[in-house]
Amino acid sequence: MHSTLFKSALSAVFITAFFSTALLAQQGNFEAAERFTGDKMEKLIGNTSVWPRWIEDTNNFWYTYENDEGKNWYFVNAERPSQRLLFDQEEMASQLAETFERPFNAKDLDLKDFEYNTDKERFTFHVDSIQFTYNLNGNNLIKGDSLEKEEREPWATYSPDSTWIAFAKNHNLYLMRSDDEDSTEIQLTDDGERWFSYQADEGDTTSNKRLRTNANFFDDESKLYITRTDERKVNELWVINALGKRPELETYKYSMPGEEEIGIPQIEVFDIASRERVIMDTDKWEDQELRANYGDHQTGDYKSTPSDKLFIYRENRTSDKVDILIGDTETGETEVLLSETSKPYFNWSFQELAIINDGEEYIWWSERTGWGQLYRYDSEGNLKNRITSGNFVVGDIVKIDTAANTIYFEGYGRDGDHPYYEHLYSVRFDGSNFKHLTPENADHSISESDKDNYFVDNYSRVNMPTKTVLRDRNGKVTLTLQEVDMSKAEAIGWKAPEEFRIKAADGATDLYGVMWKPFDFDSTRSYPIISYVYPGPQTEPFPTSFSLQGYTGRNQALAQLGFVVVAFGNRGGSPVRSRYYHTYGYGDLRDYPLADNKYGIEQLASRHSFIDQSRVGIYGHSGGGFMSTAALLTYPDFYDVAVSSAGNHDNNVYNHWWSETHNGVKETRKTVKEMDEDSVEVEKEEITFDGPIESNADLAGNLKGHLLLVHGNIDNNVHPANTLRLADALIKAGKRFDMMILPGRRHGFGPYQPYFERQKWYYFSQHLLGDYRSNVDMNLPENEE
């Protein structure tokens with residue numbers, strides 16, 4: 001009798017548990033997720049910004065723009081200002097139909113390599129390998145010949161006026177005249193070898209084949225320069241591509257944190273007339289980094305000096321000391337122009353030198369006050385004046401007008417709106433006449449004119465579609481180019497995401513983020529929350545401008561399954577804030593962002609009754625893959641599910657520069673005795689570096705929730721060993737987890753991204769919604785390989 005009663009009671013428990021689970025389980029809305037992917041939203045709406053193609057030495061530009069009226073080409077004159085269709089779409093389709101004797105869709109003309117030919121002052125393009133020229137003034141379409149084989153070979157580096165071609169062969173540097181019918185090769189070096197090479201592909205084993213070089217020409221075409229790195233002693237790393245006819249081994253050099261042997265650069269200059277080589281004198285620090293022709297890559301009306309001088313950036317291995325050198329390319333001698341120390345490391349995101357009037361003055365970006373600002377130096381490297389000041393960050397220099405002594409630059413956090421919104425400012429070299437040129441409360445993306453000071457400005461917020469305008473030098477809007485129309489998306493239920501602000505775990509620091517909700521959102525329901533993460537320090541995971549693609553589109557689609565999806569920053573995340581903020585994670589590369597993410601989710605759950613804090617997911621890619629797993633293992637009773645892709649779970653096997661810069665590396669000096677060439681014992685100072693980093697494998701025993709690890713098997717950025725080492729630790733700890741290896745994929749998943757996205761949908765739906773259906777179709781986009 002007791003046994004019968006026990007069985008009845010047990011049956012009742014099982015029945016109750018079954019119905020409770022059934023009530024809790026929800027079906028993910030896969031149909032809605034598919035309907036609102038980024039790709040489908042882009043097809044519905046079209047472009048969300050304008051990319052102007054400024055015509056050299058003019059204030060004119062052209063651009064293409066696609067919306068529900070089709071794809072159109074526009075021509076803009078900034079001086080007038082005016083905008084018109086570049087050509088009549090219907091007339092163009094008619095002329096092409098007559099030429100090819102087949103119909104053309106006027107709303108979607110497939111004009112390949114459409115560009116402006118500055119020499120002929122005409123537009124050119126091709127259709128079906130037939131070249132066409134379009135005369136802007138006469139609206140005249142001229143059919144040309146069939147396209148010949150591409151004249152410019154991929155191995156060729158042309159001089160600015162296309163007089164010379166530089167290339168590499170057998171790891172040495174060669175030169176030839178571009179108009180030489182006999183293709184006479186001029187060999188400049190004979191000491192190049194594999195891993196200490198003049199080739200872009202330093203590990204190539206092909207013999208007697210012309211390949212691309214890393215060498216560059218000076219503007220006057222009299223000399224070449226190159227940074228050649230000696231990697232012969234650097235250890236090798238390998239990945240295997242299993243998708244070829246035979247699995248193929250790929251070998252490359254890769255130095256890891258604390259390793260003794262890293263690539264050693266040297267800068268060489270070649271005189272084209274004399275064929276002579278000069279090696280620049282740059283020795284100072286052990287294992288230093290060098291960049292040649294520093295300053296020449298900038299945008300605007302300033303260039304480095306002619307070929308008699310070379311500006312060189314030099315940084316020590318601990319990334320906290322920098323010199324700017326001026327090198328004499330005739331003798332190889334160098335002198336220090338500027339030196340600066342910035343602990344714990346330099347903010348490389350905005351670090352730059354502007355060379356004014358061939359070295360009469362210099363403009364240098366520095367965080368010496370804790371905020372990135374601009375400083376002006378004379379020709380000898382003496383500080384003349386501070387150009388900008390305040391508790392905000394100067395970003396990239398957009399343009400410099402040397403005639404007006406005016407700098408145009410991006411800035412963040414100066415005018416009281418969102419500190420991540422990019423704005424355009426101008427200021428004179430002496431710090432006077434400071435102007436805010438983009439007053440709208442929005443994120444501004446700027447493209448500057450080639451000639452005078454005109455700017456195309458795409459401005460938006462995540463909840464405000466993009467408006468594209470033309471501005472003059474004073475910031476005045478002179479022409480509206482395009483405005484994104486979301487009415488078609490709104491008609492099928494689309495809603496914009498929401499911005500929010502919360503506090504970091506210190507209770508004081510403001511953090512910013514974005515929330516995506518299901519479009520059938522019901523405030524009386526309870527939704528699991530998923531946090532999309534990236535720890536920084538070069539960026540944070542939330543958008544600030546309007547977009548339908550990228551992780552905006554992916555998070556939007558994920559939310560439709562029945563989740564509240566959020567992305568927000570953390571201390572140590574973004575370089576557009578103070579030096580204290582973006583260096584917060586130094587010395588703790590694994591743990592620094594975790595408390596902020598947990599506390600942020602707790603705040604959002606306390607604000608919004610529709611967020612279910614008992615069902616928490618987290619995911620990210622690369623550094624976000626590292627962070628999402630670290631969060632699951634550090635707070636196993638808070639996070640329930642993590643999807644971690646291409647994660648650098650063990651930065652001890654990541655590249656030495658990034659890991660040592662952001663986690664720290666200790667330099668050790670000691671005196672050792674050794675025998676010299678004359679067999680005499682001498683003392684020598686030995687310098688070594690050590691930089692161990694905490695890994696996720698150390699936390700494997702903490703796993704309680706569900707973890708999906710994903711990695712491309714030929715990822716040569718974050719090596720698959722990062723994920724496999726974590727898997728090994730989880731196995732040894734007796735933990736259950738899931739892992740997916742994507743064959744033939746590198747750090748980005750390319751055509752496999754849609755498959756991965758849908759696996760992520762299923763994983764979160766299973767473990768946060770209780771939706772274990774196995775018959776949901778993949779519905780992959782068409783034409784994916």
# chains A, B, ... in the order shown; residues from 1 in each chain; ligands from 1
call {"tool": "residues_around", "arguments": {"residues": "Gly553 in chain A", "least_positions_apart": "5", "cutoff": "12 Å", "atoms": "only C-alpha atoms", "output": "PyMOL selection string"}}
result
chain A and resi 33-42+462+494+496-497+516+542-543+546-548+558-560+565+754+757
call {"tool": "closest_residue", "arguments": {"among": "A:Asn135, A:Gln549, A:Asn651, A:Thr438", "to": "Ser49 in chain A", "atoms": "only C-alpha atoms"}}
result
A:Gln549
call {"tool": "residues_around", "arguments": {"residues": "Arg745 in chain A", "least_positions_apart": "6", "cutoff": "8 Å", "atoms": "only C-alpha atoms", "output": "PDB file with all heavy atoms, in the first residue's frame"}}
result
ATOM      1  N   GLY A 712      36.375  29.355 -37.037  1.00  0.00           N
ATOM      2  CA  GLY A 712      36.794  28.975 -38.378  1.00  0.00           C
ATOM      3  C   GLY A 712      38.098  28.204 -38.302  1.00  0.00           C
ATOM      4  O   GLY A 712      39.008  28.584 -37.562  1.00  0.00           O
ATOM      5  N   ASN A 713      38.217  27.138 -39.086  1.00  0.00           N
ATOM      6  CA  ASN A 713      39.380  26.266 -38.902  1.00  0.00           C
ATOM      7  C   ASN A 713      40.660  26.818 -39.517  1.00  0.00           C
ATOM      8  O   ASN A 713      41.746  26.300 -39.253  1.00  0.00           O
ATOM      9  CB  ASN A 713      39.099  24.863 -39.448  1.00  0.00           C
ATOM     10  CG  ASN A 713      39.259  24.772 -40.953  1.00  0.00           C
ATOM     11  OD1 ASN A 713      38.674  25.562 -41.689  1.00  0.00           O
ATOM     12  ND2 ASN A 713      40.041  23.818 -41.412  1.00  0.00           N
ATOM     13  N   ILE A 714      40.588  27.890 -40.340  1.00  0.00           N
ATOM     14  CA  ILE A 714      41.819  28.488 -40.863  1.00  0.00           C
ATOM     15  C   ILE A 714      41.920  29.953 -40.433  1.00  0.00           C
ATOM     16  O   ILE A 714      42.448  30.799 -41.155  1.00  0.00           O
ATOM     17  CB  ILE A 714      41.934  28.349 -42.397  1.00  0.00           C
ATOM     18  CG1 ILE A 714      40.734  28.988 -43.104  1.00  0.00           C
ATOM     19  CG2 ILE A 714      42.097  26.899 -42.800  1.00  0.00           C
ATOM     20  CD1 ILE A 714      40.951  29.093 -44.623  1.00  0.00           C
ATOM     21  N   ASP A 715      41.436  30.235 -39.244  1.00  0.00           N
ATOM     22  CA  ASP A 715      41.539  31.583 -38.678  1.00  0.00           C
ATOM     23  C   ASP A 715      43.003  31.856 -38.350  1.00  0.00           C
ATOM     24  O   ASP A 715      43.557  31.299 -37.403  1.00  0.00           O
ATOM     25  CB  ASP A 715      40.673  31.668 -37.414  1.00  0.00           C
ATOM     26  CG  ASP A 715      40.585  33.080 -36.855  1.00  0.00           C
ATOM     27  OD1 ASP A 715      41.437  33.920 -37.199  1.00  0.00           O
ATOM     28  OD2 ASP A 715      39.666  33.336 -36.046  1.00  0.00           O
ATOM     29  N   TYR A 752      29.493  31.784 -44.724  1.00  0.00           N
ATOM     30  CA  TYR A 752      28.920  30.915 -43.692  1.00  0.00           C
ATOM     31  C   TYR A 752      28.243  31.710 -42.579  1.00  0.00           C
ATOM     32  O   TYR A 752      27.657  31.123 -41.666  1.00  0.00           O
ATOM     33  CB  TYR A 752      30.006  30.033 -43.078  1.00  0.00           C
ATOM     34  CG  TYR A 752      30.468  28.894 -43.959  1.00  0.00           C
ATOM     35  CD1 TYR A 752      30.190  28.882 -45.321  1.00  0.00           C
ATOM     36  CD2 TYR A 752      31.189  27.843 -43.435  1.00  0.00           C
ATOM     37  CE1 TYR A 752      30.622  27.846 -46.125  1.00  0.00           C
ATOM     38  CE2 TYR A 752      31.621  26.792 -44.242  1.00  0.00           C
ATOM     39  CZ  TYR A 752      31.332  26.812 -45.595  1.00  0.00           C
ATOM     40  OH  TYR A 752      31.760  25.780 -46.394  1.00  0.00           O
TER      41      TYR A 752
END
call {"tool": "residues_around", "arguments": {"residues": "range 171-174 of chain A", "least_positions_apart": "6", "cutoff": "9 Å", "atoms": "only C-alpha atoms", "output": "ChimeraX atom specification"}}
result
/A:165,185-199,201-202,204,211,213,215
call {"tool": "closest_residue", "arguments": {"among": "A:Glu276, A:Gln482, A:Asp358, A:Leu768", "to": "Thr64 in chain A", "atoms": "only C-alpha atoms"}}
result
A:Gln482
call {"tool": "residues_around", "arguments": {"residues": "Ala78 in chain A", "least_positions_apart": "4", "cutoff": "9 Å", "atoms": "only C-alpha atoms", "output": "JSON, numbers by chain"}}
result
{"A": [59, 60, 61, 82, 83, 449, 454, 455, 470, 471, 472, 478, 479]}
call {"tool": "write_last_selection", "arguments": {"atoms": "C-alpha atoms", "output": "PDB file, in the first residue's frame"}}
result
ATOM      1  CA  ASN A  59      34.304  70.692 -55.979  1.00  0.00           C
ATOM      2  CA  ASN A  60      32.127  68.205 -57.852  1.00  0.00           C
ATOM      3  CA  PHE A  61      31.256  64.654 -56.957  1.00  0.00           C
ATOM      4  CA  SER A  82      23.066  71.845 -57.198  1.00  0.00           C
ATOM      5  CA  GLN A  83      22.215  68.188 -57.695  1.00  0.00           C
ATOM      6  CA  SER A 449      35.940  67.684 -50.858  1.00  0.00           C
ATOM      7  CA  TYR A 454      32.961  71.378 -48.644  1.00  0.00           C
ATOM      8  CA  PHE A 455      31.688  68.390 -46.702  1.00  0.00           C
ATOM      9  CA  LEU A 470      26.161  69.205 -48.176  1.00  0.00           C
ATOM     10  CA  ARG A 471      27.881  71.750 -45.899  1.00  0.00           C
ATOM     11  CA  ASP A 472      30.217  74.637 -46.605  1.00  0.00           C
ATOM     12  CA  THR A 478      23.663  74.306 -48.611  1.00  0.00           C
ATOM     13  CA  LEU A 479      21.926  71.274 -50.103  1.00  0.00           C
TER      14      LEU A 479
END
call {"tool": "residues_around", "arguments": {"residues": "Arg461 in chain A", "least_positions_apart": "6", "cutoff": "6 Å", "atoms": "only C-alpha atoms", "output": "PyMOL selection string"}}
result
chain A and resi 442+544-546
